[in-house]
Structure formats: C-alpha cells, structure tokens
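J.: Pasting data33.cif here (mmCIF, C-alpha atoms and all ligand atoms):
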data_work
loop_
_atom_site.label_atom_id
_atom_site.label_comp_id
_atom_site.auth_asym_id
_atom_site.auth_seq_id
_atom_site.Cartn_x
_atom_site.Cartn_y
_atom_site.Cartn_z
CA LEU A 1 8.79 54.24 167.95
CA ARG A 2 6.47 51.79 166.19
CA ALA A 3 6.31 54.11 163.18
CA ASN A 4 9.88 55.38 163.10
CA ASP A 5 12.17 52.85 164.73
CA PRO A 6 10.20 49.71 165.59
CA ILE A 7 13.28 47.69 166.51
CA PHE A 8 14.90 50.16 168.79
CA ALA A 9 18.42 50.05 170.27
CA MET A 10 17.59 51.19 173.80
CA SER A 11 21.11 51.07 175.22
CA GLN A 12 24.61 50.23 174.20
CA GLU A 13 26.73 48.40 176.79
CA PRO A 14 30.40 47.58 176.20
CA ASN A 15 29.60 43.94 175.40
CA HIS A 16 26.04 44.04 174.12
CA THR A 17 23.19 46.16 172.78
CA THR A 18 19.71 46.07 174.34
CA TRP A 19 16.95 46.06 171.73
CA VAL A 20 13.25 46.75 172.25
CA ILE A 21 10.75 45.32 169.79
CA THR A 22 7.54 47.32 169.64
CA LYS A 23 5.33 46.10 166.76
CA HIS A 24 2.74 43.36 167.29
CA GLU A 25 3.83 41.39 164.23
CA HIS A 26 7.55 41.51 165.16
CA VAL A 27 6.89 40.66 168.81
CA LYS A 28 5.01 37.52 167.82
CA GLU A 29 7.63 36.57 165.28
CA MET A 30 10.45 36.89 167.80
CA LEU A 31 8.61 35.01 170.58
CA LYS A 32 7.51 32.22 168.28
CA SER A 33 10.76 30.36 168.70
CA LYS A 34 10.09 27.96 165.82
CA SER A 35 10.93 30.79 163.43
CA PHE A 36 14.40 31.08 164.90
CA ILE A 37 15.88 27.62 165.23
CA LYS A 38 19.37 26.91 163.93
CA ASP A 39 21.32 23.71 164.51
CA GLN A 40 18.54 22.73 166.95
CA ARG A 41 19.23 25.84 169.04
CA LYS A 42 16.75 28.61 169.72
CA LEU A 43 18.26 31.78 168.28
CA PHE A 44 16.42 34.00 170.76
CA SER A 45 17.32 32.16 173.94
CA ASN A 46 15.87 32.69 177.43
CA ASN A 47 18.99 31.17 178.90
CA GLN A 48 21.87 33.47 179.74
CA SER A 49 23.94 30.41 180.56
CA HIS A 50 27.28 32.14 180.81
CA GLU A 51 26.05 34.09 183.85
CA LYS A 52 24.92 31.01 185.77
CA GLN A 53 27.16 29.75 188.52
CA ASP A 54 26.85 26.86 190.90
CA ASN A 55 28.59 27.50 194.21
CA GLY A 56 26.61 24.82 196.03
CA GLU A 57 24.27 27.29 197.72
CA ILE A 58 20.54 27.30 197.10
CA ASN A 59 19.71 29.73 194.30
CA ILE A 60 16.01 30.57 194.11
CA PHE A 61 16.39 32.17 190.68
CA GLN A 62 18.52 29.50 189.02
CA ASN A 63 16.79 27.57 186.25
CA MET A 64 13.42 29.24 186.53
CA MET A 65 11.14 27.89 183.83
CA LEU A 66 11.07 31.35 182.28
CA ASP A 67 14.86 31.45 182.01
CA VAL A 68 15.51 28.15 180.27
CA ASP A 69 15.11 26.72 176.78
CA PRO A 70 13.97 23.29 175.61
CA PRO A 71 14.54 20.51 176.55
CA ASP A 72 14.72 21.77 180.19
CA HIS A 73 11.82 24.12 179.61
CA THR A 74 9.66 21.35 178.15
CA ARG A 75 10.41 19.07 181.12
CA LEU A 76 9.64 21.74 183.74
CA ARG A 77 6.50 23.00 182.03
CA LYS A 78 5.14 19.47 181.61
CA LEU A 79 5.52 18.90 185.32
CA VAL A 80 3.29 21.81 186.36
CA GLN A 81 0.97 22.18 183.36
CA PRO A 82 -1.69 19.75 184.72
CA TYR A 83 -2.28 22.05 187.71
CA PHE A 84 -2.93 25.05 185.48
CA ASN A 85 -4.85 23.78 182.47
CA PRO A 86 -8.27 25.36 181.87
CA LYS A 87 -10.21 22.30 183.03
CA THR A 88 -8.42 22.05 186.40
CA ILE A 89 -8.66 25.78 186.90
CA LYS A 90 -12.41 25.78 186.20
CA GLU A 91 -12.88 23.53 189.21
CA LEU A 92 -11.58 26.37 191.40
CA LYS A 93 -14.44 28.65 190.38
CA PRO A 94 -16.76 28.07 193.39
CA ARG A 95 -13.87 28.59 195.82
CA ILE A 96 -12.70 31.79 194.08
CA ILE A 97 -16.27 33.15 194.23
CA GLU A 98 -16.37 32.33 197.94
CA ILE A 99 -13.06 34.12 198.61
CA ALA A 100 -14.19 37.15 196.58
CA ASP A 101 -17.42 37.34 198.58
CA GLU A 102 -15.62 37.04 201.91
CA LEU A 103 -13.20 39.83 200.99
CA LEU A 104 -16.01 42.08 199.79
CA ASP A 105 -18.00 41.38 202.98
CA GLN A 106 -15.02 42.54 205.02
CA ALA A 107 -14.49 45.60 202.81
CA SER A 108 -18.18 46.58 203.15
CA GLU A 109 -17.82 46.75 206.91
CA LYS A 110 -15.15 49.45 206.67
CA GLN A 111 -16.04 53.09 207.12
CA GLY A 112 -15.38 55.50 204.26
CA PRO A 113 -13.57 54.81 200.99
CA VAL A 114 -11.51 51.64 200.84
CA ASP A 115 -8.43 50.87 198.79
CA LEU A 116 -9.58 48.33 196.23
CA ILE A 117 -6.05 46.94 195.93
CA ASP A 118 -5.43 46.41 199.67
CA GLU A 119 -8.87 45.03 200.39
CA PHE A 120 -9.59 43.01 197.28
CA ALA A 121 -7.36 42.97 194.19
CA PHE A 122 -4.25 42.01 196.15
CA PRO A 123 -5.56 39.41 198.65
CA LEU A 124 -7.76 37.56 196.15
CA PRO A 125 -4.99 36.12 193.91
CA ILE A 126 -2.70 35.58 196.92
CA ILE A 127 -5.23 33.45 198.74
CA VAL A 128 -5.98 31.50 195.55
CA ILE A 129 -2.33 30.78 194.64
CA SER A 130 -1.43 29.98 198.26
CA GLU A 131 -4.26 27.47 198.53
CA LEU A 132 -3.30 25.97 195.18
CA LEU A 133 0.36 25.57 196.17
CA GLY A 134 -0.37 24.49 199.73
CA ILE A 135 1.07 27.46 201.64
CA PRO A 136 -0.31 27.75 205.19
CA SER A 137 -2.71 30.68 205.49
CA GLU A 138 -0.85 32.23 208.45
CA ASP A 139 2.29 32.62 206.30
CA ARG A 140 0.73 34.41 203.34
CA ASN A 141 1.44 37.96 204.42
CA LYS A 142 5.18 37.33 204.53
CA PHE A 143 5.40 37.12 200.76
CA ARG A 144 4.18 40.61 199.94
CA LYS A 145 7.36 42.40 200.94
CA TRP A 146 9.70 39.72 199.59
CA SER A 147 7.91 39.59 196.30
CA ASN A 148 7.69 43.40 195.98
CA THR A 149 11.39 43.87 196.75
CA ILE A 150 12.39 41.24 194.21
CA VAL A 151 10.41 42.69 191.30
CA ALA A 152 11.21 46.32 192.19
CA ALA A 153 14.96 45.78 192.67
CA SER A 154 16.94 47.69 190.11
CA ASP A 155 20.14 46.34 191.61
CA GLU A 156 20.38 42.84 192.94
CA PHE A 157 23.02 43.95 195.40
CA GLU A 158 20.67 46.30 197.27
CA PRO A 159 20.77 45.30 200.96
CA ASP A 160 16.98 44.81 201.10
CA PHE A 161 17.10 42.54 198.08
CA MET A 162 19.73 40.20 199.51
CA GLU A 163 18.00 40.12 202.90
CA ASP A 164 14.58 39.34 201.44
CA VAL A 165 15.92 36.68 199.09
CA GLN A 166 17.58 35.00 202.08
CA ALA A 167 14.38 35.20 204.15
CA PHE A 168 12.38 33.75 201.24
CA THR A 169 14.92 30.90 200.82
CA ASN A 170 14.88 30.09 204.53
CA TYR A 171 11.11 30.09 204.61
CA LEU A 172 10.90 27.65 201.70
CA THR A 173 13.59 25.36 203.17
CA ASP A 174 11.55 25.17 206.35
CA LEU A 175 8.25 24.60 204.52
CA PHE A 176 9.75 21.88 202.29
CA GLU A 177 11.15 20.16 205.38
CA ARG A 178 7.73 20.12 207.03
CA ARG A 179 6.06 18.80 203.87
CA ARG A 180 8.69 16.11 203.43
CA LYS A 181 7.96 14.86 206.95
CA SER A 182 4.19 14.99 206.48
CA PRO A 183 3.19 15.24 202.80
CA GLU A 184 -0.22 16.65 201.91
CA ASN A 185 -2.35 16.43 198.83
CA ASP A 186 -1.00 19.70 197.41
CA PHE A 187 1.20 21.08 194.68
CA ILE A 188 4.31 21.54 196.84
CA SER A 189 4.15 17.96 198.11
CA SER A 190 3.93 16.63 194.57
CA LEU A 191 6.89 18.80 193.45
CA LEU A 192 8.90 17.46 196.40
CA GLN A 193 8.07 13.95 195.28
CA ALA A 194 9.30 14.81 191.77
CA GLU A 195 12.52 16.21 193.24
CA GLU A 196 13.13 13.07 195.26
CA ASP A 197 12.60 10.92 192.18
CA GLY A 198 15.51 12.93 190.82
CA GLU A 199 14.89 12.83 187.13
CA GLN A 200 12.25 15.51 186.70
CA LEU A 201 13.41 18.28 188.97
CA ASN A 202 16.61 19.27 190.79
CA ARG A 203 16.90 21.27 194.00
CA ASP A 204 17.31 24.75 192.49
CA GLU A 205 14.54 24.07 189.99
CA LEU A 206 12.23 23.17 192.85
CA TYR A 207 12.91 26.45 194.69
CA SER A 208 12.74 28.52 191.50
CA MET A 209 9.45 26.97 190.45
CA VAL A 210 7.73 27.82 193.72
CA VAL A 211 9.27 31.31 193.78
CA LEU A 212 8.17 31.96 190.19
CA LEU A 213 4.60 30.90 190.91
CA ILE A 214 4.41 32.93 194.12
CA ILE A 215 5.78 36.05 192.41
CA ALA A 216 3.56 35.56 189.34
CA GLY A 217 0.59 35.07 191.67
CA HIS A 218 1.45 38.27 193.59
CA GLU A 219 2.47 40.75 190.98
CA THR A 220 0.26 40.25 187.96
CA THR A 221 -3.39 39.42 188.61
CA VAL A 222 -3.64 42.19 191.21
CA ASN A 223 -2.70 44.58 188.41
CA LEU A 224 -5.15 43.03 185.99
CA ILE A 225 -8.05 43.61 188.40
CA ALA A 226 -6.94 47.07 189.54
CA ASN A 227 -5.86 48.36 186.10
CA THR A 228 -9.12 47.24 184.50
CA MET A 229 -11.16 48.93 187.24
CA TYR A 230 -9.04 52.07 186.84
CA ALA A 231 -9.67 52.08 183.07
CA LEU A 232 -13.40 51.66 183.77
CA PHE A 233 -13.37 54.62 186.17
CA GLU A 234 -11.56 56.66 183.52
CA HIS A 235 -14.26 55.70 180.99
CA PRO A 236 -17.63 56.07 182.78
CA ASP A 237 -19.60 55.07 179.64
CA GLN A 238 -17.82 51.68 179.65
CA LEU A 239 -18.40 51.29 183.39
CA GLU A 240 -22.15 51.92 182.87
CA LYS A 241 -22.21 49.41 180.04
CA LEU A 242 -20.62 46.73 182.22
CA LYS A 243 -22.97 47.44 185.14
CA THR A 244 -25.98 46.92 182.94
CA ASP A 245 -24.63 43.80 181.27
CA THR A 246 -22.26 41.75 183.44
CA LYS A 247 -22.02 39.17 180.65
CA LEU A 248 -19.45 41.56 179.22
CA THR A 249 -16.93 40.77 181.98
CA ALA A 250 -14.99 38.31 179.78
CA THR A 251 -14.42 40.82 176.97
CA ALA A 252 -13.84 43.60 179.53
CA ILE A 253 -11.00 41.59 181.11
CA GLU A 254 -9.45 40.99 177.67
CA GLU A 255 -9.63 44.71 176.99
CA GLY A 256 -8.10 45.47 180.41
CA LEU A 257 -5.24 43.10 179.52
CA ARG A 258 -4.72 44.93 176.24
CA TYR A 259 -5.25 48.54 177.30
CA TYR A 260 -3.24 48.60 180.56
CA SER A 261 -1.17 45.43 180.09
CA PRO A 262 -0.05 44.23 183.56
CA VAL A 263 3.28 43.00 182.17
CA ASP A 264 4.93 45.70 180.03
CA PHE A 265 7.84 43.67 178.68
CA THR A 266 8.72 40.02 178.32
CA THR A 267 11.72 38.76 180.22
CA ALA A 268 15.08 38.93 178.45
CA ARG A 269 15.89 36.98 175.31
CA TRP A 270 19.53 36.63 174.28
CA SER A 271 20.63 36.40 170.69
CA GLU A 272 22.61 33.23 170.06
CA ASP A 273 23.96 34.33 166.69
CA ASP A 274 24.37 37.41 164.50
CA MET A 275 21.16 37.90 162.55
CA GLU A 276 19.17 40.33 160.44
CA PHE A 277 15.80 41.18 161.96
CA HIS A 278 13.64 43.49 159.87
CA GLY A 279 16.54 45.65 158.75
CA LYS A 280 18.52 45.67 162.01
CA THR A 281 21.66 43.64 162.69
CA ILE A 282 21.31 41.91 166.03
CA LYS A 283 24.64 40.56 167.22
CA ARG A 284 25.34 37.38 169.14
CA GLY A 285 24.97 38.13 172.88
CA ASP A 286 22.61 41.08 172.41
CA LEU A 287 19.65 41.37 174.76
CA VAL A 288 16.20 41.61 173.18
CA LEU A 289 13.00 42.68 174.96
CA ALA A 290 9.50 42.53 173.50
CA SER A 291 7.25 45.40 174.53
CA LEU A 292 3.89 43.72 175.02
CA ALA A 293 2.31 47.01 176.08
CA SER A 294 3.35 48.63 172.80
CA ALA A 295 2.31 45.63 170.68
CA ASN A 296 -1.11 45.80 172.35
CA ARG A 297 -1.57 49.38 171.13
CA ASP A 298 -0.30 48.72 167.60
CA GLU A 299 -2.48 50.62 165.12
CA GLU A 300 -1.68 48.10 162.40
CA LYS A 301 -3.27 45.35 164.48
CA PHE A 302 -6.05 47.08 166.46
CA GLU A 303 -8.68 49.48 165.26
CA ALA A 304 -8.65 52.63 167.40
CA PRO A 305 -5.99 51.13 169.71
CA ASP A 306 -6.16 53.97 172.24
CA THR A 307 -9.90 53.53 172.74
CA PHE A 308 -10.92 51.45 175.76
CA ASP A 309 -13.79 49.33 174.44
CA ILE A 310 -15.03 46.51 176.67
CA THR A 311 -16.89 44.90 173.76
CA ARG A 312 -13.79 44.68 171.53
CA LYS A 313 -13.80 41.44 169.58
CA PRO A 314 -11.60 39.92 168.33
CA ASN A 315 -8.90 41.06 170.71
CA PRO A 316 -5.63 39.35 169.72
CA HIS A 317 -3.51 41.00 172.45
CA VAL A 318 -0.23 39.51 173.59
CA ALA A 319 -0.55 40.44 177.27
CA PHE A 320 0.26 36.86 178.30
CA GLY A 321 3.21 36.62 175.90
CA TYR A 322 3.42 34.23 172.99
CA GLY A 323 5.11 30.97 171.99
CA ILE A 324 6.45 28.31 174.33
CA HIS A 325 6.70 30.67 177.32
CA PHE A 326 3.05 31.78 176.96
CA CYS A 327 1.78 32.45 180.47
CA LEU A 328 1.10 29.25 182.38
CA GLY A 329 -1.30 31.09 184.70
CA ALA A 330 -3.45 32.69 181.97
CA PRO A 331 -6.58 30.55 182.60
CA LEU A 332 -6.32 31.27 186.33
CA ALA A 333 -5.74 35.01 185.86
CA ARG A 334 -8.67 35.26 183.45
CA LEU A 335 -11.01 33.39 185.80
CA GLU A 336 -9.98 35.50 188.81
CA GLY A 337 -10.31 38.69 186.78
CA GLU A 338 -13.78 37.82 185.53
CA ILE A 339 -15.06 36.80 188.95
CA ALA A 340 -13.59 39.94 190.53
CA LEU A 341 -15.20 42.26 188.00
CA ARG A 342 -18.57 40.54 188.10
CA LYS A 343 -18.68 40.57 191.92
CA LEU A 344 -17.73 44.25 192.07
CA MET A 345 -20.46 45.17 189.57
CA GLU A 346 -23.14 43.02 191.20
CA ARG A 347 -22.45 44.00 194.78
CA PHE A 348 -21.49 47.66 194.32
CA PRO A 349 -23.60 49.07 191.49
CA ASN A 350 -22.65 52.60 192.56
CA ILE A 351 -18.92 51.97 192.76
CA SER A 352 -16.78 54.99 191.94
CA MET A 353 -13.27 56.32 192.34
CA VAL A 354 -12.95 59.08 194.91
CA GLU A 355 -9.32 59.96 194.63
CA ASN A 356 -8.32 61.69 191.46
CA GLN A 357 -4.56 61.33 191.37
CA THR A 358 -2.81 64.31 189.89
CA SER A 359 0.69 62.89 189.61
CA SER A 360 1.34 59.50 188.01
CA PRO A 361 -0.66 56.80 189.80
CA TRP A 362 1.64 54.02 188.52
CA ARG A 363 4.28 52.20 190.57
CA PRO A 364 7.77 52.94 189.25
CA VAL A 365 8.58 49.35 188.25
CA PHE A 366 10.16 48.65 184.88
CA LEU A 367 8.59 45.35 183.83
CA LEU A 368 5.13 45.69 185.34
CA ARG A 369 2.25 48.13 185.09
CA GLY A 370 0.49 48.45 188.41
CA LEU A 371 -1.12 51.22 190.47
CA GLU A 372 0.21 52.52 193.80
CA GLY A 373 -3.33 52.34 195.19
CA LEU A 374 -6.96 52.67 194.05
CA LYS A 375 -9.59 54.37 196.26
C1 LIG A 401 4.78 33.66 181.84
C2 LIG A 401 1.88 37.53 181.95
C3 LIG A 401 -0.56 35.66 185.70
C4 LIG A 401 2.61 32.04 185.87
C5 LIG A 401 4.19 34.86 181.55
C6 LIG A 401 4.57 35.71 180.45
C7 LIG A 401 3.76 36.80 180.50
C8 LIG A 401 2.86 36.65 181.61
C9 LIG A 401 3.80 38.00 179.56
C10 LIG A 401 5.67 35.43 179.42
C11 LIG A 401 6.93 36.16 179.75
C12 LIG A 401 8.02 35.96 178.75
O1 LIG A 401 7.80 35.37 177.68
O2 LIG A 401 9.14 36.43 179.03
C13 LIG A 401 0.96 37.35 182.96
C14 LIG A 401 -0.15 38.24 183.23
C15 LIG A 401 -0.84 37.70 184.28
C16 LIG A 401 -0.16 36.48 184.68
C17 LIG A 401 -0.46 39.51 182.45
C18 LIG A 401 -2.08 38.19 185.00
C19 LIG A 401 -2.90 39.05 184.52
C20 LIG A 401 0.07 34.53 186.08
C21 LIG A 401 -0.31 33.66 187.16
C22 LIG A 401 0.59 32.65 187.20
C23 LIG A 401 1.55 32.86 186.15
C24 LIG A 401 -1.54 33.89 188.04
C25 LIG A 401 0.67 31.47 188.10
C26 LIG A 401 0.13 31.31 189.18
C27 LIG A 401 3.47 32.20 184.80
C28 LIG A 401 4.57 31.27 184.53
C29 LIG A 401 5.19 31.73 183.36
C30 LIG A 401 4.47 32.93 182.95
C31 LIG A 401 4.95 30.06 185.34
C32 LIG A 401 6.39 31.10 182.65
C33 LIG A 401 5.91 30.16 181.58
C34 LIG A 401 7.03 29.54 180.79
O3 LIG A 401 8.18 29.95 180.88
O4 LIG A 401 6.73 28.58 180.06
N1 LIG A 401 3.14 35.44 182.24
N2 LIG A 401 0.93 36.33 183.87
N3 LIG A 401 1.20 34.01 185.48
N4 LIG A 401 3.44 33.17 183.85
FE1 LIG A 401 2.12 34.67 183.80
#
Please re-express this file's structure in structure tokens.
Ligand code: HEM
T.:
Amino acid sequence: LRANDPIFAMSQEPNHTTWVITKHEHVKEMLKSKSFIKDQRKLFSNNQSHEKQDNGEINIFQNMMLDVDPPDHTRLRKLVQPYFNPKTIKELKPRIIEIADELLDQASEKQGPVDLIDEFAFPLPIIVISELLGIPSEDRNKFRKWSNTIVAASDEFEPDFMEDVQAFTNYLTDLFERRRKSPENDFISSLLQAEEDGEQLNRDELYSMVVLLIIAGHETTVNLIANTMYALFEHPDQLEKLKTDTKLTATAIEEGLRYYSPVDFTTARWSEDDMEFHGKTIKRGDLVLASLASANRDEEKFEAPDTFDITRKPNPHVAFGYGIHFCLGAPLARLEGEIALRKLMERFPNISMVENQTSSPWRPVFLLRGLEGLK
C-alpha cells in the first residue's frame, strides 16, 4: 500500500469514504493539525459533533479528550497534564520497581511455565494507573472485563457492551460519591474538585476522562511489554544482547514500540472540508485513519524497517501518535516498559518462550496489537 496507494480508500459508505494513511511523512502531516487550519477550524477534526447527543443521561464516552478539538481539548489536557509530565512520572520509579519485584516474586513461586501477560505485563500497569488515579486496590480486577469488552466491541449495541458500560458507569458514580464525601490526595479527588468549580470540567467530561485513562492504562502498556518480549523471543540474538547489556532497555523499548506498535491506528479524524491530500480528494465528512503501525515500518523513513534492532538510533517512530493528541501517558508507558524489561532480564537470565504458537498469536482487535497470551 505504501508504494502503490499510500492514501487508501478502505471503504465506501453511502455518506462517507474511510481513508487509511500509511506513509510516515503523510501520517505526521495529517496529525500535525497546524498544517490544516482554516477559518480557525482544524480541517482534520477529532470531533464528530453531529453524532453527539445529550439526553441527560451520563455518557462515559462523551467529550473524551481524544474526541475533541481545541479549545476544549486544550482545557482538558491542561487539567491532567501535570500528573503525567516526565518529572512527576519519574517520581513513581521506586514504586514501579517495587510493584514489578512483588509481581515477579509471586510469579517465581508458581510451578511450570507462567503466562507473562497474566502474571506481569497486565497487572503492572493496572496497579500503577489505579494507584495514580486513586482506585481502591480491591476494585482493580473489575476493570479488565469492562475495558476488554469496550475496546473489542465491533458493535456498540452488543448486549455485553451495553451491560459493561452500565456497570462501569455505576461503579464510577459510586466511587465519585465516596470521594466527594471524603476527598483524598489523589487524581480523582482533584478532578471532582475541578468539576465542582464548574468551569474546567463538566460531568460527562469527568467520567470520560477517568474512563479514557483506565482504558489507556489497561490496553496499551501491557502490549508494549508483551510485544517487546515476544519480538525478543523471536530474535534470540537481540535477547542475548539485552541480557548482556541491560543499559539497552531504553532503545529496546523504543524498538518494541516501532516494530510491534501497540496501537495500530489513531482514532478517527473527520474531514471538515473538501481537500486535496497528496493526489486524493478527501471530501467533507470523510473519515481518515492514520496507520501508525505502517508508518513505523516505512522504508523511506527507517533503514531495514523489518529488522528488529534493539540498538536502533535514532528511532523516530510515531507509536504514541503525533501533534496535539500525542499520547499523554508516553512518559509513564516508557518508564514502565523499561523497568519491566530490565527486571525480567536481571531476575530471569534464562527466560525463554515455551509455547510456539502455530496460528496467529494476536488478539483479533482492530485498533490494538496485543497477544492472546505469552508463555
Ligand atoms: C493518546 C498510544 C499508553 C493516555 C494516545 C495516542 C496514541 C497512544 C497513538 C494518540 C491517538 C490519536 O491521535 O488518535 C499509546 C501507547 C501506549 C500508551 C502505544 C503504551 C505503550 C498510555 C497510558 C496512558 C495514556 C499509560 C495513561 C495512563 C493517553 C491519553 C491520550 C492518549 C489520555 C489522549 C491525548 C489527547 O487527546 O491529547 N496514546 N498510549 N496512554 N494516550 Fe496513550
């Protein structure tokens, strides 16, 4: 596609075309919204405003930071940015190391091969994001199913989807109520304060923000850790290299992000006007997706793009997106990924993969690249 039809019309609906952008250069150009401003409007908008309805009920997906444009986006991002900037995140390092060690202690006590995802790659980011948000530890396991159903749903009217969304909403209503009565020094309490002040955050934005962070914390970093380990098992020379020099964990994580990008596509962008984009006519109302996974294997940008090289430098991948919606959690994901890899190498120098999957090991989810399991 990159060579023959880099801006590809994936499907034609009665009222719009869905385009997929596959080249690194084009992906960056489209996501860098400054290139596409007209009459102070973003031409590739994240906001499908005509589909939004307000029937008075709580909507945990309405006005998610990812789905809105400036100035709403700027206001919402500013509110949460201080919790996720690199300096604040660095302070979490000792605690993340402690959690990683505890999980690996528990895994070591098990007999026989363990699933790296169940025992380590999944619980690590969940515990970290839950502690950061202020979610009680006894409630953490509830989110796995809700979060999985929401990202896997191909149809939002599937019975499981509606049921899990309702359970998620009820849980948050209850948690917010408890925190309102007795605030704590945590992220949720400070968001509730912002909601009460009224100007920075409305009710649906509050729910959507917490849901977005919980889902992002559940569905992405687990894949970064597991996919990078899987790539290392597939490339034993790179695994050996990392074992003998754990200083390479930072570049290994960047290469894991590039090679098996945990997020395949950005969320939807909607064209606000007819426009020419590198030879294609994109019409007003068309849906445009950027394939980050394809951009990260672009031969015009990366030398030997299909080679997994944990020393690759520079590594200008777009696994965390680009532009104003660049991943808020990138510093956290990178830190967790590096700690996870280093701990696995230090504590299990003979680590290996026992199960050689014959069929596809990947979960059948459109937007994300993650393994079913990793033993
Ligand atoms: C946005 C990837 C981890 C929170 C994004 C986007 C990508 C991405 C590609 C942009 C999507 C778009 O433009 O449509 C990843 C990857 C991760 C990761 C690969 C792990 C390896 C996290 C974590 C958090 C997080 C741990 C938070 C706890 C967010 C938020 C946004 C976002 C809030 C929306 C930012 C905005 O709209 O301004 N992420 N993410 N992500 N991510 Fe992540």
J.: Select the residues contacting ligand LIG 401 (chain A) at a distance of at most 8 Å, based on all atoms listed in the file, then format the selection as an mmCIF file with C-alpha atoms, in the frame of the given file.
T.:
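Just written: result_21.cif:
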data_model
loop_
_atom_site.group_PDB
_atom_site.id
_atom_site.type_symbol
_atom_site.label_atom_id
_atom_site.label_comp_id
_atom_site.auth_asym_id
_atom_site.auth_seq_id
_atom_site.Cartn_x
_atom_site.Cartn_y
_atom_site.Cartn_z
ATOM 1 C CA LEU A 31 8.610 35.010 170.580
ATOM 2 C CA ASN A 46 15.870 32.690 177.430
ATOM 3 C CA MET A 64 13.420 29.240 186.530
ATOM 4 C CA MET A 65 11.140 27.890 183.830
ATOM 5 C CA LEU A 66 11.070 31.350 182.280
ATOM 6 C CA ASP A 67 14.860 31.450 182.010
ATOM 7 C CA VAL A 68 15.510 28.150 180.270
ATOM 8 C CA HIS A 73 11.820 24.120 179.610
ATOM 9 C CA ARG A 77 6.500 23.000 182.030
ATOM 10 C CA PHE A 84 -2.930 25.050 185.480
ATOM 11 C CA PRO A 125 -4.990 36.120 193.910
ATOM 12 C CA ILE A 129 -2.330 30.780 194.640
ATOM 13 C CA MET A 209 9.450 26.970 190.450
ATOM 14 C CA LEU A 212 8.170 31.960 190.190
ATOM 15 C CA LEU A 213 4.600 30.900 190.910
ATOM 16 C CA ILE A 214 4.410 32.930 194.120
ATOM 17 C CA ALA A 216 3.560 35.560 189.340
ATOM 18 C CA GLY A 217 0.590 35.070 191.670
ATOM 19 C CA HIS A 218 1.450 38.270 193.590
ATOM 20 C CA GLU A 219 2.470 40.750 190.980
ATOM 21 C CA THR A 220 0.260 40.250 187.960
ATOM 22 C CA THR A 221 -3.390 39.420 188.610
ATOM 23 C CA VAL A 222 -3.640 42.190 191.210
ATOM 24 C CA ASN A 223 -2.700 44.580 188.410
ATOM 25 C CA LEU A 224 -5.150 43.030 185.990
ATOM 26 C CA ILE A 225 -8.050 43.610 188.400
ATOM 27 C CA LEU A 257 -5.240 43.100 179.520
ATOM 28 C CA SER A 261 -1.170 45.430 180.090
ATOM 29 C CA PRO A 262 -0.050 44.230 183.560
ATOM 30 C CA VAL A 263 3.280 43.000 182.170
ATOM 31 C CA ASP A 264 4.930 45.700 180.030
ATOM 32 C CA PHE A 265 7.840 43.670 178.680
ATOM 33 C CA THR A 266 8.720 40.020 178.320
ATOM 34 C CA THR A 267 11.720 38.760 180.220
ATOM 35 C CA ALA A 268 15.080 38.930 178.450
ATOM 36 C CA ARG A 269 15.890 36.980 175.310
ATOM 37 C CA LEU A 292 3.890 43.720 175.020
ATOM 38 C CA VAL A 318 -0.230 39.510 173.590
ATOM 39 C CA ALA A 319 -0.550 40.440 177.270
ATOM 40 C CA PHE A 320 0.260 36.860 178.300
ATOM 41 C CA GLY A 321 3.210 36.620 175.900
ATOM 42 C CA TYR A 322 3.420 34.230 172.990
ATOM 43 C CA GLY A 323 5.110 30.970 171.990
ATOM 44 C CA ILE A 324 6.450 28.310 174.330
ATOM 45 C CA HIS A 325 6.700 30.670 177.320
ATOM 46 C CA PHE A 326 3.050 31.780 176.960
ATOM 47 C CA CYS A 327 1.780 32.450 180.470
ATOM 48 C CA LEU A 328 1.100 29.250 182.380
ATOM 49 C CA GLY A 329 -1.300 31.090 184.700
ATOM 50 C CA ALA A 330 -3.450 32.690 181.970
ATOM 51 C CA LEU A 332 -6.320 31.270 186.330
ATOM 52 C CA ALA A 333 -5.740 35.010 185.860
ATOM 53 C CA ARG A 334 -8.670 35.260 183.450
ATOM 54 C CA GLY A 337 -10.310 38.690 186.780
#
J.: Which neighbours of Phe36 in chain A fall inside 12 Å, counting all atoms listed in the file, when residues of the same chain fewer than 2 positions from it are skipped, and could you give them as a PyMOL selection string?
T.: chain A and resi 28-34+38-45+271-277+323
J.: If you count all atoms listed in the file, which residues fall within 12 Å of Lys343 in chain A, apart from same-chain ones fewer than 6 positions away, as a PyMOL selection string?
T.: chain A and resi 96-105+120-121+225+242-243+246-247+249+336-337+349+351
J.: Take CA of Arg178 in chain A and CA of Gly198 in chain A and report the distance between them in Å, one decimal.
T.: 19.4 Å
J.: So the first atom is CA of Leu172 in chain A and the second is CA of Val210 in chain A; what is the distance between them in Å, to one decimal place?
T.: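 These two atoms are separated by 8.6 Å.
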J.: Using only C-alpha atoms, which of A:Glu109, A:Val165, A:Thr17, A:Glu240 sits nearest Lys283 in chain A?
T.: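 For Lys283 in chain A, the nearest of the candidates is A:Thr17.
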J.: How many Å lie between CA of Ala107 in chain A and CA of Pro331 in chain A, rounded to one decimal?
T.: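 Result for CA of Ala107 in chain A versus CA of Pro331 in chain A: 26.4 Å, one decimal.
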J.: Is it possible to get the axis-aligned box enclosing range 349-352 of chain A (all listed atoms, 6 Å extra per side) as lines of an AutoDock Vina configuration file, with centre and edge lengths in Å rounded to one decimal?
T.:
center_x = -20.2
center_y = 52.0
center_z = 192.1
size_x = 18.8
size_y = 17.9
size_z = 13.3
J.: I'd like to know which of A:Asp204, A:Ile215, A:Asn170, A:Lys181 is closest to Ile126 in chain A, using only C-alpha atoms.
T.: A:Ile215
J.: Using all atoms listed in the file, what does the table of range 5-67 of chain A residues within 10 Å of range 299-306 of chain A look like, with each row giving the shortest atom pair and its distance in Å to one decimal, sorted by chain and ascending number, as JSON lines?
T.:
{"residue": "A:Lys23", "atom": "CA", "partner": "A:Glu300", "partner_atom": "CA", "distance": 8.5}
{"residue": "A:His24", "atom": "CA", "partner": "A:Lys301", "partner_atom": "CA", "distance": 6.9}
{"residue": "A:Glu25", "atom": "CA", "partner": "A:Lys301", "partner_atom": "CA", "distance": 8.1}
J.: Identify which of the residues A:Ile150, A:Val211, A:Ile58, A:Met229 lies closest to Glu163 in chain A, counting all atoms listed in the file when measuring atom-to-atom distances.
T.: A:Ile150
J.: Between A:Leu367, A:Leu116, A:Ile7, A:Leu289, which is the closest to Thr228 in chain A once you count all atoms listed in the file?
T.: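 Residue with the minimum atom-to-atom distance to Thr228 in chain A: A:Leu116.
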